[in-house]
Structures are given as C-alpha cells and as structure tokens.
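Content type compact mmCIF, C-alpha atoms, from the file my_file-v8.txt:
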```txt
# COMPACT_ATOMS: atom_id res chain seq x y z
CA MET M 1 13.15 2.92 2.82
CA ASP M 2 15.88 5.46 2.14
CA ILE M 3 15.11 9.06 1.24
CA ALA M 4 17.76 11.01 -0.66
CA GLU M 5 17.21 14.76 -0.66
CA VAL M 6 18.77 17.12 -3.19
CA LYS M 7 17.93 20.73 -3.89
CA GLN M 8 18.79 22.27 -7.20
CA ASN M 9 17.59 25.57 -8.67
CA GLY M 10 14.83 25.89 -6.09
CA ILE M 11 13.48 22.38 -6.66
CA VAL M 12 13.57 19.72 -3.96
CA ILE M 13 14.22 16.28 -5.43
CA LEU M 14 13.36 13.40 -3.12
CA GLY M 15 14.70 10.03 -4.24
CA LEU M 16 12.82 7.13 -2.63
CA LYS M 17 14.45 3.72 -2.37
CA GLY M 18 13.01 0.41 -1.20
CA ARG M 19 9.60 -0.06 0.38
CA LEU M 20 7.20 2.72 1.33
CA ASP M 21 4.61 1.25 3.68
CA ALA M 22 2.82 2.08 6.94
CA SER M 23 5.96 1.40 8.96
CA ASN M 24 7.90 4.26 7.36
CA ALA M 25 5.33 6.54 5.69
CA GLY M 26 5.45 8.77 8.78
CA THR M 27 9.13 9.49 8.13
CA LEU M 28 8.40 10.71 4.62
CA GLU M 29 5.40 12.68 5.87
CA SER M 30 7.46 14.52 8.49
CA LYS M 31 10.15 15.33 5.95
CA VAL M 32 7.73 16.65 3.32
CA LEU M 33 5.74 18.69 5.84
CA ALA M 34 8.93 20.19 7.28
CA LEU M 35 10.10 21.17 3.79
CA ILE M 36 6.74 22.77 2.92
CA ASP M 37 6.66 24.56 6.26
CA ALA M 38 10.17 25.84 5.55
CA GLY M 39 8.84 27.44 2.37
CA GLU M 40 9.73 24.88 -0.30
CA ARG M 41 7.14 24.90 -3.09
CA ARG M 42 8.57 22.80 -5.95
CA PHE M 43 9.04 19.08 -5.50
CA VAL M 44 10.06 16.11 -7.60
CA VAL M 45 9.64 12.63 -6.15
CA ASP M 46 11.96 10.26 -7.98
CA CYS M 47 10.66 6.69 -7.68
CA ALA M 48 13.19 4.92 -9.91
CA GLN M 49 14.40 2.85 -6.96
CA LEU M 50 11.06 2.55 -5.17
CA ASP M 51 10.06 -1.13 -5.25
CA TYR M 52 6.84 -1.02 -3.31
CA ILE M 53 4.16 1.40 -2.14
CA SER M 54 1.00 0.83 -0.09
CA SER M 55 -1.91 3.18 0.62
CA ALA M 56 0.05 4.58 3.57
CA GLY M 57 2.61 5.95 1.11
CA LEU M 58 -0.05 7.14 -1.32
CA ARG M 59 -1.65 9.05 1.56
CA VAL M 60 1.54 11.05 2.15
CA LEU M 61 1.74 11.97 -1.54
CA LEU M 62 -1.95 12.98 -1.55
CA MET M 63 -1.42 15.14 1.50
CA ALA M 64 1.59 16.79 -0.17
CA VAL M 65 -0.27 17.56 -3.40
CA LYS M 66 -3.20 19.01 -1.43
CA ARG M 67 -0.92 21.33 0.55
CA LEU M 68 1.03 22.38 -2.52
CA ASN M 69 -2.11 23.00 -4.59
CA ALA M 70 -3.41 25.19 -1.79
CA ASN M 71 -0.28 27.32 -1.52
CA GLY M 72 0.73 27.65 -5.16
CA GLY M 73 3.34 24.89 -5.14
CA LYS M 74 4.02 22.12 -7.63
CA ILE M 75 4.92 18.44 -7.39
CA ALA M 76 5.76 15.84 -10.02
CA ILE M 77 6.43 12.13 -9.74
CA ALA M 78 9.23 10.58 -11.79
CA ALA M 79 10.25 7.14 -13.03
CA LEU M 80 7.57 4.88 -11.55
CA GLN M 81 8.24 1.17 -11.90
CA ASP M 82 5.44 -0.67 -13.72
CA GLN M 83 3.95 -2.31 -10.63
CA ILE M 84 3.90 1.01 -8.75
CA LYS M 85 2.28 2.74 -11.70
CA GLU M 86 -0.41 0.06 -11.45
CA VAL M 87 -1.03 0.97 -7.79
CA PHE M 88 -1.26 4.66 -8.79
CA ASP M 89 -3.78 3.75 -11.50
CA ILE M 90 -5.95 1.62 -9.20
CA ALA M 91 -5.92 4.32 -6.53
CA GLY M 92 -7.01 6.97 -9.04
CA PHE M 93 -3.75 8.84 -8.48
CA SER M 94 -2.62 8.93 -12.08
CA SER M 95 -5.07 11.75 -12.75
CA ILE M 96 -4.07 13.73 -9.64
CA PHE M 97 -0.31 13.76 -10.18
CA GLN M 98 2.01 14.88 -12.91
CA ILE M 99 3.76 11.60 -13.68
CA CYS M 100 6.90 11.79 -15.78
CA GLY M 101 9.13 9.14 -17.29
CA THR M 102 12.39 10.64 -16.05
CA GLN M 103 13.63 12.91 -13.30
CA ALA M 104 14.68 15.51 -15.90
CA GLU M 105 11.16 15.67 -17.30
CA ALA M 106 9.71 15.99 -13.81
CA VAL M 107 12.10 18.83 -13.00
CA ALA M 108 11.07 20.61 -16.19
CA THR M 109 7.40 20.16 -15.24
CA VAL M 110 7.69 21.91 -11.87
CA GLN M 111 10.10 24.65 -12.99
CA MET R 1 -1.66 -28.53 -2.16
CA SER R 2 0.96 -26.27 -0.56
CA SER R 3 0.43 -24.13 2.45
CA ALA R 4 2.42 -21.92 4.82
CA THR R 5 1.69 -20.21 8.09
CA LEU R 6 3.24 -17.05 9.52
CA ARG R 7 2.75 -15.65 13.00
CA LEU R 8 3.26 -11.92 13.40
CA SER R 9 3.07 -9.53 16.30
CA ASN R 10 1.00 -6.35 16.04
CA GLN R 11 3.84 -4.06 14.98
CA LEU R 12 4.18 -2.24 11.68
CA ALA R 13 7.79 -3.39 11.40
CA GLU R 14 6.33 -6.86 10.76
CA LEU R 15 4.94 -5.76 7.38
CA GLU R 16 8.28 -6.22 5.67
CA ARG R 17 8.73 -9.68 7.15
CA ALA R 18 5.27 -10.70 5.90
CA SER R 19 6.15 -9.39 2.46
CA ARG R 20 9.44 -11.32 2.28
CA TRP R 21 7.68 -14.48 3.44
CA LEU R 22 4.99 -14.13 0.78
CA GLU R 23 7.58 -13.47 -1.95
CA GLU R 24 9.52 -16.53 -0.88
CA PHE R 25 6.34 -18.64 -1.07
CA GLY R 26 5.58 -17.24 -4.52
CA ARG R 27 9.06 -18.02 -5.82
CA ARG R 28 8.97 -21.53 -4.40
CA GLU R 29 5.60 -22.23 -5.99
CA GLY R 30 6.47 -20.50 -9.28
CA LEU R 31 3.65 -17.95 -9.02
CA PRO R 32 3.71 -14.93 -11.38
CA PRO R 33 5.67 -11.99 -9.85
CA ARG R 34 2.92 -9.52 -10.76
CA MET R 35 0.37 -11.63 -8.94
CA ILE R 36 2.60 -11.86 -5.88
CA PHE R 37 3.06 -8.09 -5.93
CA GLU R 38 -0.71 -7.64 -5.89
CA VAL R 39 -1.34 -10.22 -3.16
CA ASN R 40 1.46 -8.58 -1.18
CA LEU R 41 -0.31 -5.24 -1.43
CA ALA R 42 -3.62 -6.73 -0.26
CA LEU R 43 -2.00 -8.53 2.67
CA ASP R 44 -0.05 -5.41 3.64
CA GLU R 45 -3.21 -3.28 3.63
CA ILE R 46 -5.13 -5.76 5.77
CA LEU R 47 -2.27 -6.20 8.25
CA THR R 48 -1.78 -2.42 8.42
CA ASN R 49 -5.44 -1.98 9.39
CA VAL R 50 -5.31 -4.72 12.00
CA ILE R 51 -2.05 -3.45 13.53
CA SER R 52 -2.99 0.25 13.40
CA TYR R 53 -6.62 0.11 14.52
CA GLY R 54 -7.29 -3.34 15.96
CA TYR R 55 -5.86 -2.97 19.43
CA GLU R 56 -5.45 -0.68 22.38
CA PRO R 57 -2.05 1.05 22.38
CA GLY R 58 0.66 -0.90 24.18
CA GLU R 59 -1.00 -4.32 23.91
CA THR R 60 0.91 -7.17 22.31
CA HIS R 61 -1.07 -9.57 20.14
CA GLY R 62 -0.46 -12.29 17.59
CA ILE R 63 -1.78 -12.24 14.04
CA VAL R 64 -1.81 -15.43 11.98
CA VAL R 65 -1.49 -15.47 8.19
CA GLU R 66 -2.05 -18.63 6.24
CA LEU R 67 -1.37 -19.16 2.54
CA THR R 68 -2.92 -22.09 0.71
CA LEU R 69 -2.27 -22.87 -2.92
CA LEU R 70 -5.39 -24.52 -4.33
CA PRO R 71 -5.79 -25.54 -7.96
CA GLN R 72 -5.50 -22.24 -9.93
CA THR R 73 -6.17 -20.20 -6.79
CA LEU R 74 -4.12 -18.71 -3.97
CA ARG R 75 -6.00 -18.28 -0.71
CA VAL R 76 -4.78 -15.89 1.99
CA GLU R 77 -6.34 -16.00 5.44
CA VAL R 78 -5.66 -13.43 8.13
CA GLU R 79 -6.86 -14.10 11.65
CA ASP R 80 -6.56 -11.72 14.59
CA ASP R 81 -8.12 -11.12 17.98
CA GLY R 82 -8.45 -7.36 17.54
CA ARG R 83 -11.67 -5.39 17.69
CA PRO R 84 -14.29 -6.46 15.14
CA PHE R 85 -13.54 -4.94 11.74
CA ASN R 86 -15.16 -5.90 8.49
CA PRO R 87 -13.26 -4.25 5.61
CA ILE R 88 -16.08 -5.14 3.25
CA ASP R 89 -18.21 -2.51 5.04
CA VAL R 90 -15.77 0.29 4.18
CA PRO R 91 -17.35 2.54 1.50
CA GLU R 92 -15.61 3.00 -1.84
CA PRO R 93 -13.70 6.28 -2.20
CA ASP R 94 -15.30 8.85 -4.51
CA PHE R 95 -12.90 9.28 -7.41
CA ASP R 96 -14.94 12.06 -9.00
CA LYS R 97 -14.15 14.49 -6.22
CA PRO R 98 -11.55 17.19 -6.84
CA VAL R 99 -8.19 16.69 -5.17
CA ALA R 100 -8.84 19.15 -2.34
CA GLU R 101 -11.95 17.22 -1.25
CA ARG R 102 -10.55 13.73 -1.44
CA PRO R 103 -10.34 12.18 1.98
CA ILE R 104 -6.85 11.20 3.08
CA GLY R 105 -7.47 7.53 3.75
CA GLY R 106 -9.99 4.85 2.78
CA LEU R 107 -7.75 3.81 -0.07
CA GLY R 108 -6.33 0.65 1.43
CA VAL R 109 -9.52 -1.38 1.33
CA HIS R 110 -10.18 -0.14 -2.19
CA LEU R 111 -6.80 -1.48 -3.29
CA VAL R 112 -7.57 -4.84 -1.66
CA ARG R 113 -10.88 -5.11 -3.50
CA GLN R 114 -9.24 -4.25 -6.80
CA VAL R 115 -6.33 -6.66 -6.70
CA MET R 116 -8.05 -9.68 -5.14
CA ASP R 117 -10.80 -11.72 -6.80
CA LYS R 118 -12.80 -12.32 -3.65
CA VAL R 119 -12.74 -11.02 -0.06
CA GLU R 120 -14.78 -12.61 2.72
CA TYR R 121 -15.04 -11.66 6.37
CA ARG R 122 -16.25 -13.60 9.36
CA ARG R 123 -16.18 -12.97 13.07
CA VAL R 124 -15.54 -16.32 14.72
CA GLU R 125 -15.31 -16.76 18.47
CA GLY R 126 -14.01 -13.29 19.17
CA ARG R 127 -11.62 -13.29 16.24
CA ASN R 128 -11.63 -11.58 12.84
CA ARG R 129 -11.08 -13.99 10.00
CA LEU R 130 -10.51 -12.48 6.57
CA THR R 131 -10.22 -14.77 3.57
CA MET R 132 -9.01 -13.45 0.23
CA THR R 133 -8.52 -15.41 -2.96
CA LYS R 134 -6.89 -14.71 -6.28
CA SER R 135 -6.57 -16.76 -9.42
CA THR R 136 -3.04 -17.87 -10.25
CA THR R 137 -3.76 -17.61 -13.96
CA PRO R 138 -2.07 -14.42 -15.23
CA THR R 139 -4.85 -13.63 -17.71
CA SER R 140 -7.58 -13.61 -15.09
CA PRO R 141 -9.30 -10.26 -14.60
CA THR R 142 -8.45 -8.37 -11.43
CA GLY R 143 -10.93 -6.42 -9.41
CA ASP R 144 -14.69 -6.79 -9.40
```

Full structure transcribed into structure tokens:
Amino acid sequence: MDIAEVKQNGIVILGLKGRLDASNAGTLESKVLALIDAGERRFVVDCAQLDYISSAGLRVLLMAVKRLNANGGKIAIAALQDQIKEVFDIAGFSSIFQICGTQAEAVATVQ
Amino acid sequence: MSSATLRLSNQLAELERASRWLEEFGRREGLPPRMIFEVNLALDEILTNVISYGYEPGETHGIVVELTLLPQTLRVEVEDDGRPFNPIDVPEPDFDKPVAERPIGGLGVHLVRQVMDKVEYRRVEGRNRLTMTKSTTPTSPTGD
C-alpha cells in the first residue's frame, strides 16, 4: 500500500493505493495518530485507488473517527470502489463515516 | 473437480501472496470476480487471526490452505498448528452501539460469517481445521 499525503487549507488528504491489510495497517495507524497528535483535525481519506481492505484497515479508520469525534475533528471517506463499499456496509461502517463520491465533496464535508 | 494447495509461513507479509494465489485460481476457473473478492476477504481474515494470535512470538510455523472447486461450490480449508481457536465462538459485534463505544476489533470474524455461506471448525490432532464454503452462483445470498 502507498499513502500519499497532501495538506490543503487545513485539511489533510490521505490517498490510499493498493491493499490495506494486517501487514500494513500499522503504517497507516502510525501516520494518522502522528497527524492527530500534531494537531491535525480535518481529514479526507481518498480511496479511489484502494483495491482492497480487511478488518485490520477498518480498525484504523474506526480508531481515527473515535479520536476525531472526541476532540472536535472531522473525517470523510472519498471515492470507495464498489467492492470496498460492500465491506464498509457489511462492517456497519457506512453509518459511522461520511462517505462521499469524490474527493472534492469529501473536502467540502470536513471544511 | 479442481483443487490447489498453498503453504504459507506465519508472517503477515504472506497475506498478499495468498490473495494473488486465490485470484489466479479464480481467473483460471472462471469464478465471478465479486465472489473471489469476498472469499479473499474471508481467507485474509482467518489467516490474519492465525498469524497474529496463533503462535508464540518468534516461532516459525506452516499454514496450509486448500481450495477445492466442487459443483456450484468453492471450499476453502485452512489448517494450522497454532493454539486452539474457534472463530465460530467469537460473539457478533453490537452494531447498535454509538461510535465511541464500539470495540476496536471483533470485525474480522463478522466479515467472514457475512461473505461465506458456511463456516465449520474442528480441532484435529493438535491442529485447527477451518472449512468455509461459498456458492459459485452469483445470485446466491451471502451471509446467514
């Protein structure tokens, strides 16, 4: 998995590419925790190029939304591929997260 | 009847290899991509549990995965010599809880139950043997 990180107008946009599974979820977790600890409060996770996610990846996103809810932050998920949206639905995550069709919509949601 | 066997070591880096192997099998047998995605998820979750919690740190072990294509059904068997673990015993997560109270974890087994038609566990001669099946017919219901 590759993680591209861009910050624009106070919003951190993380672009995930490839597979997010138990072998690399820790990398994403460390990155997100470090950003939150550094004071970042608005996040967009762009999943346009994310081909696969397992519960290990979902766990990192759940942890992030919990932290951000607790400290007044916001997070939105953008551009889920159909099969990943299905995993979100089965896991009950579609009701927890703001899920947007495009990165631009997600950015507008957390602004 | 087609079948394939893969031997993995207990390292998380093996998850991607298992996934590629399963996709290759699916392509060769002309199985629906959506079905393969779901079986991939179930296999990944089971292997993740075995690799993460099955062994003492630092030990090297082998895990065997066998795919068998039966009429209208794909069977996936995972066998390991880790500590006894029956995923069927894992309680379902409570989806009515607010976000702050949701436990981080417990989701993997839930995903397995939802995407596979049937999951069976046996402890045989000091080994865990998990057998999962899924219909190859795209219209078949998933889950319970």

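Within 6 Å of chain M, chain R contributes the residues Leu12, Ala13, Ala100, Ile104, Leu107 and Gly108 of chain R, using all atoms listed in the file.
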
query = Hey, what's within 12 Å of R:Val90 if we count only C-alpha atoms and toss same-chain stuff fewer than 6 positions away? As a ChimeraX atom specification, please?
reply = /R:49,105-113

message = For M:Thr102, find every residue with an atom within 12 Å (counting all atoms listed in the file), except residues of its own chain fewer than 5 positions away, and show them as a ChimeraX atom specification.
response = /M:44-48,76-81,107-109

key: Point-to-point distance in Å for atom CA of R:Trp21 and atom CA of M:Glu29   =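 About the pair atom CA of M:Glu29 and atom CA of R:Trp21: they are 27.4 Å apart.
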
Report as AutoDock Vina command-line options the centre and the edge lengths, in Å to one decimal, of the axis-aligned box holding every listed atom of stretch 30-37 of chain R, padded by 6 Å on each side.
```
--center_x 3.4 --center_y -14.3 --center_z -8.6 --size_x 18.1 --size_y 24.4 --size_z 17.5
```

Find the residues around R:Leu22 up to 9 Å (all atoms listed in the file counted), leave out those fewer than 5 positions away in its own chain, and share them as a short mmCIF file (atom, residue, chain, number, x, y, z; two decimals) with C-alpha atoms, in the frame of the given file.
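As written to disk, out-v7.cif reads:
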```cif
data_model
loop_
_atom_site.label_atom_id
_atom_site.label_comp_id
_atom_site.auth_asym_id
_atom_site.auth_seq_id
_atom_site.Cartn_x
_atom_site.Cartn_y
_atom_site.Cartn_z
CA ARG R 17 8.73 -9.68 7.15
CA ARG R 27 9.06 -18.02 -5.82
CA ILE R 36 2.60 -11.86 -5.88
CA VAL R 39 -1.34 -10.22 -3.16
CA ASN R 40 1.46 -8.58 -1.18
CA LEU R 67 -1.37 -19.16 2.54
#
```

Missing atoms in stretch 75-86 of chain M need filling: write out all heavy atoms for it as a CSV table (one decimal), keeping the file's coordinate frame.
```
chain,number,residue,atom,x,y,z
M,75,ILE,N,4.2,19.7,-7.7
M,75,ILE,CA,4.9,18.4,-7.4
M,75,ILE,C,4.8,17.5,-8.6
M,75,ILE,O,3.7,17.5,-9.3
M,75,ILE,CB,4.3,17.8,-6.1
M,75,ILE,CG1,5.1,16.5,-5.7
M,75,ILE,CG2,2.9,17.5,-6.2
M,75,ILE,CD1,4.8,15.9,-4.4
M,76,ALA,N,5.8,16.8,-8.9
M,76,ALA,CA,5.8,15.8,-10.0
M,76,ALA,C,6.4,14.5,-9.6
M,76,ALA,O,7.4,14.6,-8.8
M,76,ALA,CB,6.4,16.4,-11.3
M,77,ILE,N,5.9,13.4,-10.1
M,77,ILE,CA,6.4,12.1,-9.7
M,77,ILE,C,7.2,11.6,-10.9
M,77,ILE,O,6.7,11.7,-12.1
M,77,ILE,CB,5.3,11.1,-9.5
M,77,ILE,CG1,4.2,11.7,-8.5
M,77,ILE,CG2,5.8,9.8,-9.0
M,77,ILE,CD1,4.7,11.8,-7.1
M,78,ALA,N,8.4,11.0,-10.7
M,78,ALA,CA,9.2,10.6,-11.8
M,78,ALA,C,9.6,9.1,-11.7
M,78,ALA,O,9.7,8.6,-10.6
M,78,ALA,CB,10.5,11.4,-11.8
M,79,ALA,N,9.6,8.5,-12.9
M,79,ALA,CA,10.2,7.1,-13.0
M,79,ALA,C,9.6,6.0,-12.2
M,79,ALA,O,10.3,5.2,-11.5
M,79,ALA,CB,11.8,7.2,-12.7
M,80,LEU,N,8.3,5.9,-12.3
M,80,LEU,CA,7.6,4.9,-11.6
M,80,LEU,C,7.8,3.5,-12.2
M,80,LEU,O,7.7,3.4,-13.4
M,80,LEU,CB,6.1,5.1,-11.6
M,80,LEU,CG,5.5,6.3,-10.8
M,80,LEU,CD1,4.0,6.4,-11.0
M,80,LEU,CD2,5.8,6.1,-9.3
M,81,GLN,N,8.2,2.5,-11.4
M,81,GLN,CA,8.2,1.2,-11.9
M,81,GLN,C,6.8,0.7,-12.3
M,81,GLN,O,5.8,1.2,-11.7
M,81,GLN,CB,8.8,0.2,-10.8
M,81,GLN,CG,10.3,0.6,-10.5
M,81,GLN,CD,10.9,-0.4,-9.5
M,81,GLN,OE1,10.4,-1.5,-9.3
M,81,GLN,NE2,12.0,0.0,-8.8
M,82,ASP,N,6.7,-0.3,-13.2
M,82,ASP,CA,5.4,-0.7,-13.7
M,82,ASP,C,4.4,-1.0,-12.6
M,82,ASP,O,3.3,-0.7,-12.7
M,82,ASP,CB,5.6,-1.9,-14.6
M,82,ASP,CG,6.2,-1.5,-16.0
M,82,ASP,OD1,6.3,-0.3,-16.2
M,82,ASP,OD2,6.6,-2.4,-16.7
M,83,GLN,N,4.9,-1.8,-11.6
M,83,GLN,CA,4.0,-2.3,-10.6
M,83,GLN,C,3.5,-1.2,-9.7
M,83,GLN,O,2.4,-1.2,-9.2
M,83,GLN,CB,4.5,-3.5,-9.8
M,83,GLN,CG,5.7,-3.1,-8.9
M,83,GLN,CD,7.0,-3.3,-9.5
M,83,GLN,OE1,7.2,-3.2,-10.7
M,83,GLN,NE2,8.1,-3.5,-8.7
M,84,ILE,N,4.3,-0.1,-9.6
M,84,ILE,CA,3.9,1.0,-8.8
M,84,ILE,C,3.0,1.9,-9.5
M,84,ILE,O,2.0,2.5,-9.0
M,84,ILE,CB,5.1,1.7,-8.2
M,84,ILE,CG1,6.0,0.7,-7.4
M,84,ILE,CG2,4.8,3.0,-7.4
M,84,ILE,CD1,6.8,1.2,-6.4
M,85,LYS,N,3.2,2.0,-10.8
M,85,LYS,CA,2.3,2.7,-11.7
M,85,LYS,C,0.9,2.1,-11.6
M,85,LYS,O,-0.1,2.8,-11.6
M,85,LYS,CB,2.8,2.7,-13.1
M,85,LYS,CG,1.9,3.4,-14.2
M,85,LYS,CD,1.7,4.9,-13.9
M,85,LYS,CE,1.1,5.6,-15.1
M,85,LYS,NZ,-0.2,5.2,-15.4
M,86,GLU,N,0.9,0.8,-11.6
M,86,GLU,CA,-0.4,0.1,-11.4
M,86,GLU,C,-1.1,0.5,-10.2
M,86,GLU,O,-2.4,0.7,-10.2
M,86,GLU,CB,-0.2,-1.5,-11.5
M,86,GLU,CG,-1.5,-2.3,-11.5
M,86,GLU,CD,-1.2,-3.7,-11.1
M,86,GLU,OE1,-0.1,-4.3,-11.4
M,86,GLU,OE2,-2.2,-4.4,-10.7
```
